[in-house]
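Raw contents of run29.cif, mmCIF, C-alpha atoms:
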```cif
data_model
#
loop_
_atom_site.label_atom_id
_atom_site.label_comp_id
_atom_site.auth_asym_id
_atom_site.auth_seq_id
_atom_site.Cartn_x
_atom_site.Cartn_y
_atom_site.Cartn_z
CA MET R 140 0.00 0.00 0.00
CA THR R 141 1.83 3.10 -1.23
CA THR R 142 -0.76 5.90 -0.96
CA PRO R 143 -2.97 5.57 2.14
CA PRO R 144 -6.70 5.31 1.42
CA ARG R 145 -8.92 8.21 2.38
CA TRP R 146 -10.45 5.92 5.00
CA PHE R 147 -7.29 6.54 7.04
CA THR R 148 -6.36 10.07 5.98
CA GLU R 149 -9.78 11.75 6.00
CA THR R 150 -11.28 10.36 9.19
CA GLU R 151 -10.57 11.10 12.85
CA ASP R 152 -8.87 8.87 15.39
CA GLY R 153 -11.32 6.33 16.72
CA HIS R 154 -13.46 6.40 13.60
CA SER R 155 -13.08 2.67 12.92
CA GLN R 156 -14.31 1.65 16.37
CA TRP R 157 -17.15 4.17 16.15
CA TYR R 158 -18.14 2.62 12.82
CA VAL R 159 -18.09 -0.89 14.28
CA GLU R 160 -20.18 0.10 17.27
CA ARG R 161 -22.61 2.01 15.09
CA PHE R 162 -23.55 -1.10 13.14
CA ARG R 163 -23.56 -3.30 16.24
CA THR R 164 -26.08 -0.90 17.76
CA LEU R 165 -28.22 -0.82 14.63
CA ALA R 166 -28.23 -4.63 14.49
CA ALA R 167 -29.22 -4.86 18.16
CA GLU R 168 -32.06 -2.43 17.49
CA GLY R 169 -33.34 -4.63 14.66
CA ALA R 170 -32.48 -2.27 11.80
CA ASP R 171 -32.57 -3.64 8.28
CA LEU R 172 -28.90 -3.97 7.33
CA ALA R 173 -29.27 -6.46 4.49
CA GLY R 174 -30.64 -4.38 1.62
CA GLU R 175 -27.45 -4.60 -0.43
CA ALA R 176 -27.26 -8.35 0.13
CA ARG R 177 -30.86 -8.89 -0.98
CA LEU R 178 -30.18 -7.14 -4.27
CA VAL R 179 -27.04 -9.14 -5.01
CA ASP R 180 -28.72 -12.39 -3.93
CA ALA R 181 -31.51 -11.76 -6.45
CA MET R 182 -28.96 -11.32 -9.24
CA VAL R 183 -26.86 -14.47 -8.80
CA PRO R 184 -27.57 -18.22 -8.83
CA PRO R 185 -27.68 -20.16 -5.56
CA ARG R 186 -24.30 -20.92 -3.97
CA SER R 187 -22.48 -18.26 -5.98
CA ARG R 188 -19.06 -16.87 -5.15
CA VAL R 189 -19.40 -13.24 -4.07
CA LEU R 190 -16.66 -10.75 -3.26
CA ASP R 191 -17.52 -8.05 -0.73
CA ALA R 192 -14.94 -5.41 -1.65
CA GLY R 193 -14.59 -2.96 1.22
CA CYS R 194 -16.62 -5.16 3.55
CA GLY R 195 -16.16 -3.09 6.70
CA PRO R 196 -17.38 -4.97 9.79
CA GLY R 197 -19.12 -7.51 7.60
CA ARG R 198 -22.87 -6.94 7.57
CA THR R 199 -23.38 -7.42 3.80
CA ALA R 200 -21.04 -10.38 3.45
CA ALA R 201 -22.66 -12.05 6.45
CA ALA R 202 -26.14 -11.65 4.99
CA LEU R 203 -25.00 -13.15 1.69
CA TYR R 204 -23.35 -16.04 3.52
CA GLU R 205 -26.60 -16.71 5.38
CA ARG R 206 -28.28 -16.96 1.97
CA GLY R 207 -25.97 -19.81 1.01
CA HIS R 208 -23.25 -18.07 -0.97
CA HIS R 209 -19.49 -18.48 -0.66
CA VAL R 210 -18.38 -15.02 0.40
CA VAL R 211 -14.99 -13.39 0.79
CA GLY R 212 -14.90 -10.03 2.55
CA VAL R 213 -11.93 -7.73 2.01
CA ASP R 214 -11.14 -4.49 3.78
CA VAL R 215 -8.02 -2.38 4.22
CA ASP R 216 -8.77 -1.68 7.89
CA PRO R 217 -7.61 -4.48 10.26
CA GLU R 218 -9.90 -3.16 13.00
CA LEU R 219 -12.98 -3.63 10.81
CA ILE R 220 -11.89 -7.11 9.75
CA GLU R 221 -11.30 -8.07 13.39
CA ALA R 222 -14.89 -7.03 14.16
CA ALA R 223 -16.20 -8.95 11.14
CA ARG R 224 -14.44 -12.13 12.28
CA LYS R 225 -15.83 -11.76 15.77
CA ASP R 226 -19.40 -10.86 14.85
CA HIS R 227 -19.91 -12.87 11.66
CA PRO R 228 -18.19 -16.26 11.48
CA GLY R 229 -18.64 -18.01 8.15
CA PRO R 230 -17.30 -15.81 5.36
CA ARG R 231 -13.57 -15.58 4.81
CA TRP R 232 -12.24 -12.22 5.98
CA ILE R 233 -9.07 -10.72 4.49
CA VAL R 234 -7.15 -7.52 5.20
CA ALA R 235 -6.04 -6.04 1.86
CA ASP R 236 -5.89 -2.80 -0.06
CA LEU R 237 -8.34 -3.00 -2.97
CA ALA R 238 -5.87 -1.16 -5.20
CA GLU R 239 -3.46 -4.09 -4.80
CA LEU R 240 -6.01 -6.90 -4.55
CA ASP R 241 -4.56 -10.32 -5.42
CA LEU R 242 -6.73 -13.01 -3.86
CA PRO R 243 -5.20 -15.95 -5.78
CA SER R 244 -1.98 -15.31 -3.88
CA LEU R 245 -3.99 -15.81 -0.68
CA GLY R 246 -5.57 -19.08 -1.78
CA GLU R 247 -8.79 -17.76 -3.35
CA THR R 248 -8.01 -19.01 -6.84
CA GLU R 249 -11.56 -19.35 -8.17
CA PRO R 250 -13.09 -16.27 -9.84
CA PHE R 251 -16.19 -14.64 -8.41
CA ASP R 252 -19.64 -14.42 -9.94
CA ALA R 253 -20.26 -10.98 -8.49
CA ALA R 254 -18.76 -8.25 -6.35
CA VAL R 255 -20.56 -5.84 -4.07
CA VAL R 256 -18.95 -2.49 -3.27
CA ALA R 257 -21.24 -0.81 -0.74
CA GLY R 258 -21.00 1.84 1.96
CA ASN R 259 -19.19 4.60 0.03
CA VAL R 260 -16.14 2.36 -0.40
CA MET R 261 -15.14 4.01 -3.68
CA ALA R 262 -15.13 7.41 -2.00
CA PHE R 263 -12.65 6.18 0.61
CA VAL R 264 -9.98 4.63 -1.63
CA ALA R 265 -6.69 6.47 -2.12
CA PRO R 266 -6.80 9.47 -4.49
CA GLU R 267 -6.15 8.59 -8.13
CA THR R 268 -6.60 4.84 -7.51
CA GLU R 269 -10.29 4.58 -8.43
CA THR R 270 -9.69 3.05 -11.84
CA ARG R 271 -7.09 0.67 -10.46
CA VAL R 272 -9.45 -0.46 -7.70
CA LEU R 273 -12.17 -1.21 -10.25
CA ARG R 274 -9.64 -3.04 -12.44
CA ARG R 275 -8.50 -5.21 -9.54
CA ILE R 276 -12.12 -6.07 -8.73
CA ALA R 277 -12.77 -6.85 -12.40
CA ALA R 278 -9.72 -9.13 -12.52
CA HIS R 279 -11.32 -11.36 -9.87
CA LEU R 280 -14.63 -11.86 -11.71
CA HIS R 281 -15.78 -14.49 -14.16
CA PRO R 282 -16.21 -13.31 -17.76
CA ASP R 283 -19.64 -11.67 -17.82
CA GLY R 284 -19.38 -11.17 -14.07
CA PHE R 285 -20.69 -8.00 -12.49
CA ALA R 286 -20.10 -5.55 -9.67
CA VAL R 287 -22.72 -3.51 -7.84
CA VAL R 288 -21.32 -0.23 -6.55
CA GLY R 289 -23.14 2.19 -4.26
CA PHE R 290 -22.10 5.60 -2.94
CA HIS R 291 -23.36 9.09 -2.14
CA THR R 292 -23.04 11.34 -5.15
CA ASP R 293 -21.65 14.22 -3.12
CA ARG R 294 -18.64 12.04 -2.27
CA TYR R 295 -17.77 10.82 -5.77
CA ASP R 296 -18.58 12.70 -8.97
CA MET R 297 -20.73 10.60 -11.28
CA ALA R 298 -18.98 11.73 -14.46
CA GLU R 299 -15.64 10.74 -12.93
CA PHE R 300 -17.04 7.39 -11.83
CA ASP R 301 -18.38 6.68 -15.31
CA ARG R 302 -14.98 7.47 -16.78
CA HIS R 303 -13.25 5.24 -14.25
CA LEU R 304 -15.57 2.28 -14.81
CA THR R 305 -15.03 2.49 -18.56
CA GLU R 306 -11.25 2.67 -18.09
CA ALA R 307 -11.50 -0.43 -15.91
CA GLY R 308 -13.21 -2.43 -18.65
CA PHE R 309 -16.74 -2.42 -17.28
CA ASP R 310 -19.97 -1.51 -19.05
CA LEU R 311 -22.67 0.36 -17.13
CA GLU R 312 -25.65 -1.99 -17.24
CA HIS R 313 -28.10 -0.38 -14.80
CA ARG R 314 -28.23 2.56 -12.44
CA PHE R 315 -30.66 3.20 -9.60
CA ALA R 316 -31.08 5.82 -6.89
CA THR R 317 -31.31 3.32 -4.01
CA TRP R 318 -30.50 -0.29 -3.18
CA ASP R 319 -34.22 -1.08 -3.43
CA LEU R 320 -34.13 0.00 -7.09
CA ARG R 321 -35.87 3.35 -7.10
CA PRO R 322 -35.40 5.01 -10.49
CA TRP R 323 -32.22 6.93 -11.16
CA ARG R 324 -32.41 10.73 -11.42
CA ASP R 325 -29.57 13.07 -12.29
CA ASP R 326 -30.17 14.94 -9.01
CA ALA R 327 -30.23 11.80 -6.86
CA ASP R 328 -28.04 11.96 -3.77
CA PHE R 329 -27.17 8.27 -3.99
CA ALA R 330 -26.25 5.98 -6.87
CA VAL R 331 -26.31 2.20 -7.19
CA SER R 332 -24.63 1.12 -10.42
CA VAL R 333 -24.49 -2.38 -11.90
CA LEU R 334 -21.24 -2.80 -13.83
CA ARG R 335 -20.93 -5.75 -16.20
CA LEU R 336 -17.83 -7.22 -17.77
CA PRO R 337 -18.16 -7.91 -21.50
CA ASP R 338 -17.39 -11.47 -22.55
CA ASP R 339 -14.49 -10.24 -24.68
CA ARG R 340 -12.80 -8.13 -21.99
CA GLY R 341 -9.40 -9.51 -23.03
CA SER R 342 -6.38 -8.58 -20.95
CA SER R 343 -7.19 -4.96 -20.09
CA ASN R 344 -7.94 -5.83 -16.45
CA GLU R 345 -4.79 -7.80 -15.70
#
```

Reformat the file's structure so that it appears as structure tokens.
Amino acid sequence: MTTPPRWFTETEDGHSQWYVERFRTLAAEGADLAGEARLVDAMVPPRSRVLDAGCGPGRTAAALYERGHHVVGVDVDPELIEAARKDHPGPRWIVADLAELDLPSLGETEPFDAAVVAGNVMAFVAPETETRVLRRIAAHLHPDGFAVVGFHTDRYDMAEFDRHLTEAGFDLEHRFATWDLRPWRDDADFAVSVLRLPDDRGSSNE
């Protein structure tokens, strides 16, 4: 990891533990924390391989695992991965920078059917690594695999994102304003984009 992700440089001390406790509290209160997982689950066959890229403390990966999928959760923050391992046994949890992601070197040699990138992950990667992050995610997918990426539009410019996804070899297949598929509007404050790899992606994502 050469350039630190914004997750470390643009947050205050103690932010990681606050984030963990926030979602533990929401779970204890019975909040619905599985919306992203429900969408991905509806898009893949049973027992699919799903990559949760930027998994945080593990809520989405855990929900997908409970639905019968093989799930690998990756996050750059060891504190978040520690919480995921404690709270959500089942998925495989890995500490790694998405810009340098190389899961085959860690024993995950099979490609994934889908990737989910939720929780403003793309807004927290290191500056100028957005395209590389998307390329590394793409490199772990089956041909015709897809990634679902969600973030607040005030954190990541949509025109920039569209340029980055194209540079990474993805096609924009769908875009919505929420994880429950409300229609996209240009003034929406949130975007959920389905990115698909073409069958003939070649070697551009290596």

Which residues of stretch 230-289 of chain R have any atom within 6 Å of an atom in stretch 208-226 of chain R when counting only C-alpha atoms, and what is the closest pair of atoms for each, with the distance in Å to one decimal? Order the rows by chain and rising number and write it as a tab-separated table.
```
residue	atom	partner	partner_atom	distance
R:Pro230	CA	R:Val210	CA	5.1
R:Arg231	CA	R:Val211	CA	4.8
R:Trp232	CA	R:Gly212	CA	4.9
R:Ile233	CA	R:Val213	CA	4.8
R:Val234	CA	R:Asp214	CA	5.2
R:Ala235	CA	R:Val215	CA	4.8
R:Asp236	CA	R:Val215	CA	4.8
```

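Across R:Arg314, R:Trp146, R:Trp157, R:Asp338, the tightest approach to R:Asp301 is made by R:Arg314 when counting all atoms listed in the file.
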
For R:Ala181, find every residue with an atom within 12 Å (counting only C-alpha atoms), except residues of its own chain fewer than 4 positions away, and show them as a short mmCIF file (atom, residue, chain, number, x, y, z; two decimals) with C-alpha atoms, in the frame of the given file.
```
data_model
loop_
_atom_site.label_atom_id
_atom_site.label_comp_id
_atom_site.auth_asym_id
_atom_site.auth_seq_id
_atom_site.Cartn_x
_atom_site.Cartn_y
_atom_site.Cartn_z
CA GLY R 174 -30.64 -4.38 1.62
CA GLU R 175 -27.45 -4.60 -0.43
CA ALA R 176 -27.26 -8.35 0.13
CA ARG R 177 -30.86 -8.89 -0.98
CA PRO R 185 -27.68 -20.16 -5.56
CA ARG R 186 -24.30 -20.92 -3.97
CA SER R 187 -22.48 -18.26 -5.98
CA LEU R 203 -25.00 -13.15 1.69
CA ARG R 206 -28.28 -16.96 1.97
CA HIS R 208 -23.25 -18.07 -0.97
CA ALA R 253 -20.26 -10.98 -8.49
CA TRP R 318 -30.50 -0.29 -3.18
CA ASP R 319 -34.22 -1.08 -3.43
#
```

key: Counting only C-alpha atoms, the residue of R:Arg198, R:Arg271, R:His281, R:His227 that sits nearest R:Gly258   =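 Checking each of R:Arg198, R:Arg271, R:His281, R:His227 against R:Gly258, counting only C-alpha atoms, the winner is R:Arg198.
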
Two-atom distance - atom CA of R:Val256, atom CA of R:Thr148 (Å) =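 Going from atom CA of R:Val256 over to atom CA of R:Thr148, I get 20.0 Å.
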
task = Work out how far atom CA of R:Met261 is from atom CA of R:Ala330, in Å to one decimal.
result = 11.7 Å

Test item: which residues lie within 12 Å of (-26.9, -3.0, -15.6) counting only C-alpha atoms, as a ChimeraX atom specification = /R:182,283-288,309-315,320,331-337

task = Starting from the point (-18.2, 3.0, -2.8), work out which residues of protein, DNA or RNA have an atom no more than 9 Å away when counting only C-alpha atoms; state them as number ranges by chain.
result = R: 193, 256-264, 288-291, 295

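The closest residue to R:Arg274, picked from R:Thr292, R:Asp252, R:Gly246, R:Glu239 and counting only C-alpha atoms, is R:Glu239.
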
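One distance worth recording is that between atom CA of R:Thr248 and atom CA of R:Arg302, which is 29.1 Å.
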
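Residue nearest R:Ala238, chosen from R:Val183, R:Ile276, R:Leu190, R:Leu172 and counting only C-alpha atoms: R:Ile276.
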